[in-house]
Amino acid sequence: LRTHVEEIVIEDGRAAGVRLRGGDVIRAKHAVVNNAPVWAVPKLLPDKYETVSWGIKSVWDTRQLKAKLSQTPQTESFMHLHLGIDAAGLDALDIHYTVINEWESGIDAPGNMVVISIPTVLDPGMAPDGKHVVHAYTAGNEPYDLFKGLDRKSDKYKELKKERADCLYKAIEKVIPDLRDRIEVELVGSP
């Protein structure tokens, strides 16, 4: 953990481990799991690797794949809303909902697509008796530039955060109309 990986080691066409900064190799027992963003992957792959199958040696070139990966556009950021609510009378909820506020703008319009998760529907032990946990977030459609450079302690930042989170409340209200009367714990996360 917390060790810089320089390269994914490929042997016989499979990820066999990782080469760390400094040259040490850690061999994989089952798999190499990459948690890096897609834009970091090209730096981790060798330009070429070899395989041998049925006695035939092949050389594979990853440069075209690396070029495509590096052109992948980034999504926008996210707004998050974490709530603890009174669950009285909410017996027919599902665990997940996706709300599109309006179709004309498209699902990638800022604040237009909201994903809602209510994990206590499946595991009531995640909250005190009679309560639900609700997590809602914009689906990678929150413009980060709105928040860029703002002092997180400033009134301007706090007002913007409240304004941008409103779409989350409205989306949940499509599922739980009296949501705001039920809120007991409230945390808003911004880019």
# chains A, B, ... in the order shown; residues from 1 in each chain; ligands from 1

$ select_by_dssp --residues "segment 18-179 of chain A" --states "strand (DSSP E)" --output "ChimeraX atom specification"
/A:18-20,25-27,48-53,56-61,80-86,96-100,113-117,131-138

$ residues_around --residues "Leu168 of chain A" --least-positions-apart "3" --cutoff "8 Å" --atoms "only C-alpha atoms" --output "PyMOL selection string"
chain A and resi 80-81+111+114+136-138+165+171-172

$ select_by_dssp --residues "segment 11-91 of chain A" --states "alpha helix (DSSP H)" --output "PyMOL selection string"
chain A and resi 41-44+63-70

$ write_last_selection --atoms "C-alpha atoms" --output "mmCIF file, in the first residue's frame"
data_model
loop_
_atom_site.group_PDB
_atom_site.id
_atom_site.type_symbol
_atom_site.label_atom_id
_atom_site.label_comp_id
_atom_site.auth_asym_id
_atom_site.auth_seq_id
_atom_site.Cartn_x
_atom_site.Cartn_y
_atom_site.Cartn_z
ATOM 1 C CA VAL A 41 -3.251 3.283 -17.240
ATOM 2 C CA PRO A 42 -1.192 4.160 -20.358
ATOM 3 C CA LYS A 43 1.774 5.006 -18.124
ATOM 4 C CA LEU A 44 1.512 1.588 -16.472
ATOM 5 C CA ARG A 63 0.706 2.020 -28.131
ATOM 6 C CA GLN A 64 -2.590 2.356 -30.042
ATOM 7 C CA LEU A 65 -4.579 1.270 -26.981
ATOM 8 C CA LYS A 66 -2.592 3.677 -24.805
ATOM 9 C CA ALA A 67 -3.347 6.543 -27.205
ATOM 10 C CA LYS A 68 -7.086 5.775 -27.124
ATOM 11 C CA LEU A 69 -7.136 5.546 -23.327
ATOM 12 C CA SER A 70 -5.390 8.888 -22.929
#

$ residues_around --residues "Ile85 of chain A" --least-positions-apart "4" --cutoff "6 Å" --atoms "only C-alpha atoms" --output "list in words"
Lys131, His132, Arg182, Ile183 and Glu184 of chain A

$ closest_residue --among "A:Leu90, A:Thr75, A:Ser154, A:Ile100" --to "Pro177 of chain A" --atoms "only C-alpha atoms"
A:Leu90

$ atom_distance --atom1 "atom CA of Asp181 of chain A" --atom2 "atom CA of His135 of chain A"
16.7 Å

$ closest_residue --among "A:Ser58, A:Asn35, A:Thr120, A:Ser53" --to "Asp91 of chain A" --atoms "only C-alpha atoms"
A:Thr120

$ residues_around --residues "Glu7 of chain A" --least-positions-apart "5" --cutoff "6 Å" --atoms "only C-alpha atoms" --output "JSON, numbers by chain"
{"A": [18, 19, 44, 45]}

$ residues_around --residues "Thr62 of chain A" --least-positions-apart "6" --cutoff "8 Å" --atoms "only C-alpha atoms" --output "PyMOL selection string"
chain A and resi 45-48
